[in-house]
Amino acid sequence: MYLYLVRHGEAVQADTADPSMALTPKGILGAEKVAAHLASLNIKIDLLVHSTKARAKQTAGIFASRLHPSKAVSENGDLGPHSDPLIWAGNLDLLNENVMLVGHMPFMSRMVSLLSCGLGDESAFAFDNAAVACLGRDYGKWSLLWMISPAVIRGERQA
C-alpha cells in the first residue's frame with residue numbers, strides 16, 4: 001500500500017484561515033506540474049480524499065484529473081490544518097488501497113512524522129505548496145519513500 005500526502009497549492013491570502021480561499025494561478029500551475037509528473041510515473045491511486053477547504057478541494061480536483069482514482073474522490077473533515085493525525089493513522093490500518101490525502105500544514109508534517117517516526121512532530125517535515133510525500137507500508141510499518149515539489153520539477157531545488 002502507498003500513501004500520498006499532498007499539501008494544497010498556493011492559495012490567495014495564505015495568512016488567513018478562510019475555508020473558501022481559492023488557489024492562486026501559481027498554485028494551480030504548481031499542482032498541475034506535480035500531478036502531471038506523477039501521471040508520467042504511472043502512479044496509481046484508488047482513493048483520493050481531501051479536506052473541506054476550497055483550496056484542498058481545488059488541488060484534489062487537479063490531481064484527480066491526472067491520476068484518475070479507481071474507486072472514489074471524497075471530502076473529509078479530519079484533514080484540516082490542526083486535525084489529529086491519529087484519526088487517519090487508524091483509518092489507514094483498515095485499508096489496503098493506494099490512498100492520496102490532500103490537506104494542509106501542519107497536519108501533513110505531523111502525519112508523516114507519526115507514521116514514519118511514531119512522533120507527530122509538526123516541524124519534522126517541510127511541505128512546499130503542492131508538494132507530495134509518498135509513504136509505503138510493509139508488514140504494518142510505514143516508511144517515507146520520497147517527496148517532490150513543484151520547485152524540484154522545475155529544477156529550482158535538488159531532488
# chains A, B, ... in the order shown; residues from 1 in each chain; ligands from 1

$ residues_around --residues "range 77-91 of chain A" --least-positions-apart "3" --cutoff "6 Å" --atoms "only C-alpha atoms" --output "ChimeraX atom specification"
/A:51-52,94,103-107,111

$ select_by_dssp --residues "range 4-123 of chain A" --states "helix (DSSP H, G or I)" --output "PyMOL selection string"
chain A and resi 25-40+54-67+77-79+85-93+107-117

$ write_last_selection --atoms "N, CA and C atoms" --output "short mmCIF file (atom, residue, chain, number, x, y, z; two decimals), in the first residue's frame"
data_model
loop_
_atom_site.label_atom_id
_atom_site.label_comp_id
_atom_site.auth_asym_id
_atom_site.auth_seq_id
_atom_site.Cartn_x
_atom_site.Cartn_y
_atom_site.Cartn_z
N PRO A 25 -3.16 31.57 -9.40
CA PRO A 25 -2.70 30.98 -10.67
C PRO A 25 -1.40 30.18 -10.50
N LYS A 26 -0.49 30.69 -9.66
CA LYS A 26 0.74 29.95 -9.39
C LYS A 26 0.44 28.64 -8.66
N GLY A 27 -0.53 28.66 -7.76
CA GLY A 27 -0.93 27.46 -7.04
C GLY A 27 -1.52 26.41 -7.96
N ILE A 28 -2.32 26.86 -8.91
CA ILE A 28 -2.90 25.94 -9.91
C ILE A 28 -1.79 25.34 -10.75
N LEU A 29 -0.88 26.18 -11.23
CA LEU A 29 0.22 25.70 -12.07
C LEU A 29 1.10 24.70 -11.31
N GLY A 30 1.42 24.99 -10.06
CA GLY A 30 2.24 24.08 -9.27
C GLY A 30 1.58 22.73 -9.09
N ALA A 31 0.29 22.73 -8.77
CA ALA A 31 -0.44 21.47 -8.60
C ALA A 31 -0.51 20.71 -9.92
N GLU A 32 -0.74 21.43 -11.02
CA GLU A 32 -0.78 20.77 -12.33
C GLU A 32 0.56 20.15 -12.69
N LYS A 33 1.67 20.84 -12.40
CA LYS A 33 3.00 20.30 -12.71
C LYS A 33 3.27 19.01 -11.94
N VAL A 34 2.97 19.02 -10.64
CA VAL A 34 3.23 17.83 -9.83
C VAL A 34 2.30 16.69 -10.24
N ALA A 35 1.03 16.99 -10.46
CA ALA A 35 0.09 15.95 -10.87
C ALA A 35 0.49 15.34 -12.21
N ALA A 36 0.91 16.17 -13.16
CA ALA A 36 1.35 15.66 -14.46
C ALA A 36 2.60 14.80 -14.31
N HIS A 37 3.50 15.22 -13.43
CA HIS A 37 4.72 14.45 -13.20
C HIS A 37 4.38 13.08 -12.62
N LEU A 38 3.48 13.04 -11.64
CA LEU A 38 3.08 11.76 -11.05
C LEU A 38 2.40 10.87 -12.09
N ALA A 39 1.58 11.47 -12.95
CA ALA A 39 0.94 10.69 -14.01
C ALA A 39 1.97 10.12 -14.96
N SER A 40 3.03 10.87 -15.25
CA SER A 40 4.08 10.37 -16.15
C SER A 40 4.84 9.21 -15.53
N ALA A 54 -11.74 24.91 0.39
CA ALA A 54 -11.78 25.07 -1.06
C ALA A 54 -10.42 24.84 -1.72
N ARG A 55 -9.35 25.32 -1.10
CA ARG A 55 -8.03 25.19 -1.73
C ARG A 55 -7.58 23.73 -1.82
N ALA A 56 -7.96 22.92 -0.84
CA ALA A 56 -7.64 21.49 -0.89
C ALA A 56 -8.53 20.78 -1.91
N LYS A 57 -9.79 21.16 -1.95
CA LYS A 57 -10.71 20.56 -2.92
C LYS A 57 -10.26 20.87 -4.35
N GLN A 58 -9.83 22.10 -4.59
CA GLN A 58 -9.36 22.50 -5.92
C GLN A 58 -8.08 21.74 -6.28
N THR A 59 -7.15 21.61 -5.34
CA THR A 59 -5.92 20.85 -5.56
C THR A 59 -6.25 19.39 -5.84
N ALA A 60 -7.16 18.82 -5.07
CA ALA A 60 -7.56 17.42 -5.27
C ALA A 60 -8.16 17.21 -6.66
N GLY A 61 -8.93 18.17 -7.13
CA GLY A 61 -9.52 18.07 -8.47
C GLY A 61 -8.45 18.01 -9.55
N ILE A 62 -7.40 18.78 -9.36
CA ILE A 62 -6.29 18.78 -10.34
C ILE A 62 -5.61 17.42 -10.34
N PHE A 63 -5.32 16.88 -9.16
CA PHE A 63 -4.68 15.58 -9.08
C PHE A 63 -5.60 14.47 -9.61
N ALA A 64 -6.88 14.55 -9.28
CA ALA A 64 -7.83 13.53 -9.76
C ALA A 64 -7.94 13.54 -11.28
N SER A 65 -7.87 14.71 -11.89
CA SER A 65 -7.99 14.80 -13.35
C SER A 65 -6.80 14.15 -14.06
N ARG A 66 -5.66 14.09 -13.39
CA ARG A 66 -4.47 13.48 -13.99
C ARG A 66 -4.28 12.02 -13.59
N LEU A 67 -4.67 11.68 -12.36
CA LEU A 67 -4.37 10.35 -11.83
C LEU A 67 -5.57 9.39 -11.86
N GLY A 77 -13.59 15.83 6.90
CA GLY A 77 -13.33 16.91 7.85
C GLY A 77 -12.11 16.70 8.74
N ASP A 78 -11.50 15.52 8.69
CA ASP A 78 -10.34 15.22 9.53
C ASP A 78 -9.01 15.44 8.81
N LEU A 79 -8.99 16.33 7.82
CA LEU A 79 -7.75 16.66 7.11
C LEU A 79 -7.43 18.15 7.18
N PRO A 85 -3.67 13.55 13.49
CA PRO A 85 -3.23 12.52 12.55
C PRO A 85 -3.51 11.10 13.04
N LEU A 86 -3.75 10.92 14.33
CA LEU A 86 -4.08 9.59 14.83
C LEU A 86 -5.37 9.05 14.22
N ILE A 87 -6.29 9.96 13.88
CA ILE A 87 -7.55 9.53 13.26
C ILE A 87 -7.26 8.86 11.93
N TRP A 88 -6.44 9.51 11.10
CA TRP A 88 -6.13 8.92 9.79
C TRP A 88 -5.20 7.73 9.90
N ALA A 89 -4.33 7.72 10.88
CA ALA A 89 -3.48 6.53 11.09
C ALA A 89 -4.38 5.32 11.35
N GLY A 90 -5.42 5.50 12.15
CA GLY A 90 -6.37 4.42 12.40
C GLY A 90 -7.16 4.03 11.16
N ASN A 91 -7.59 5.03 10.40
CA ASN A 91 -8.32 4.74 9.15
C ASN A 91 -7.46 3.93 8.19
N LEU A 92 -6.18 4.28 8.09
CA LEU A 92 -5.29 3.60 7.15
C LEU A 92 -5.04 2.16 7.54
N ASP A 93 -5.12 1.86 8.83
CA ASP A 93 -4.96 0.47 9.28
C ASP A 93 -6.03 -0.44 8.69
N PHE A 107 -0.83 19.65 9.56
CA PHE A 107 -1.30 18.27 9.57
C PHE A 107 -0.40 17.34 8.75
N MET A 108 -0.01 17.76 7.55
CA MET A 108 0.78 16.89 6.67
C MET A 108 2.11 16.50 7.31
N SER A 109 2.80 17.48 7.89
CA SER A 109 4.07 17.19 8.55
C SER A 109 3.86 16.26 9.73
N ARG A 110 2.83 16.51 10.52
CA ARG A 110 2.53 15.66 11.67
C ARG A 110 2.19 14.24 11.23
N MET A 111 1.51 14.10 10.11
CA MET A 111 1.13 12.77 9.63
C MET A 111 2.36 11.96 9.20
N VAL A 112 3.25 12.59 8.43
CA VAL A 112 4.48 11.90 8.00
C VAL A 112 5.30 11.52 9.23
N SER A 113 5.43 12.44 10.17
CA SER A 113 6.21 12.18 11.37
C SER A 113 5.62 11.04 12.19
N LEU A 114 4.31 11.04 12.35
CA LEU A 114 3.65 10.00 13.13
C LEU A 114 3.84 8.62 12.49
N LEU A 115 3.56 8.53 11.19
CA LEU A 115 3.63 7.23 10.53
C LEU A 115 5.06 6.71 10.40
N SER A 116 5.99 7.58 10.05
CA SER A 116 7.35 7.10 9.78
C SER A 116 8.25 7.07 11.02
N CYS A 117 7.96 7.92 12.01
CA CYS A 117 8.83 8.00 13.19
C CYS A 117 8.10 7.74 14.50
#

$ closest_residue --among "A:Ala130, A:Val49, A:Ala72, A:Ala124" --to "Ile148 in chain A" --atoms "only C-alpha atoms"
A:Ala130

$ closest_residue --among "A:Leu23, A:Leu95, A:Cys134, A:Ile153" --to "Val6 in chain A" --atoms "only C-alpha atoms"
A:Cys134

$ select_by_dssp --residues "range 3-151 of chain A" --states "strand (DSSP E or B)" --output "PyMOL selection string"
chain A and resi 3-7+11+23+47-50+72-75+99-103+132-138+141-148
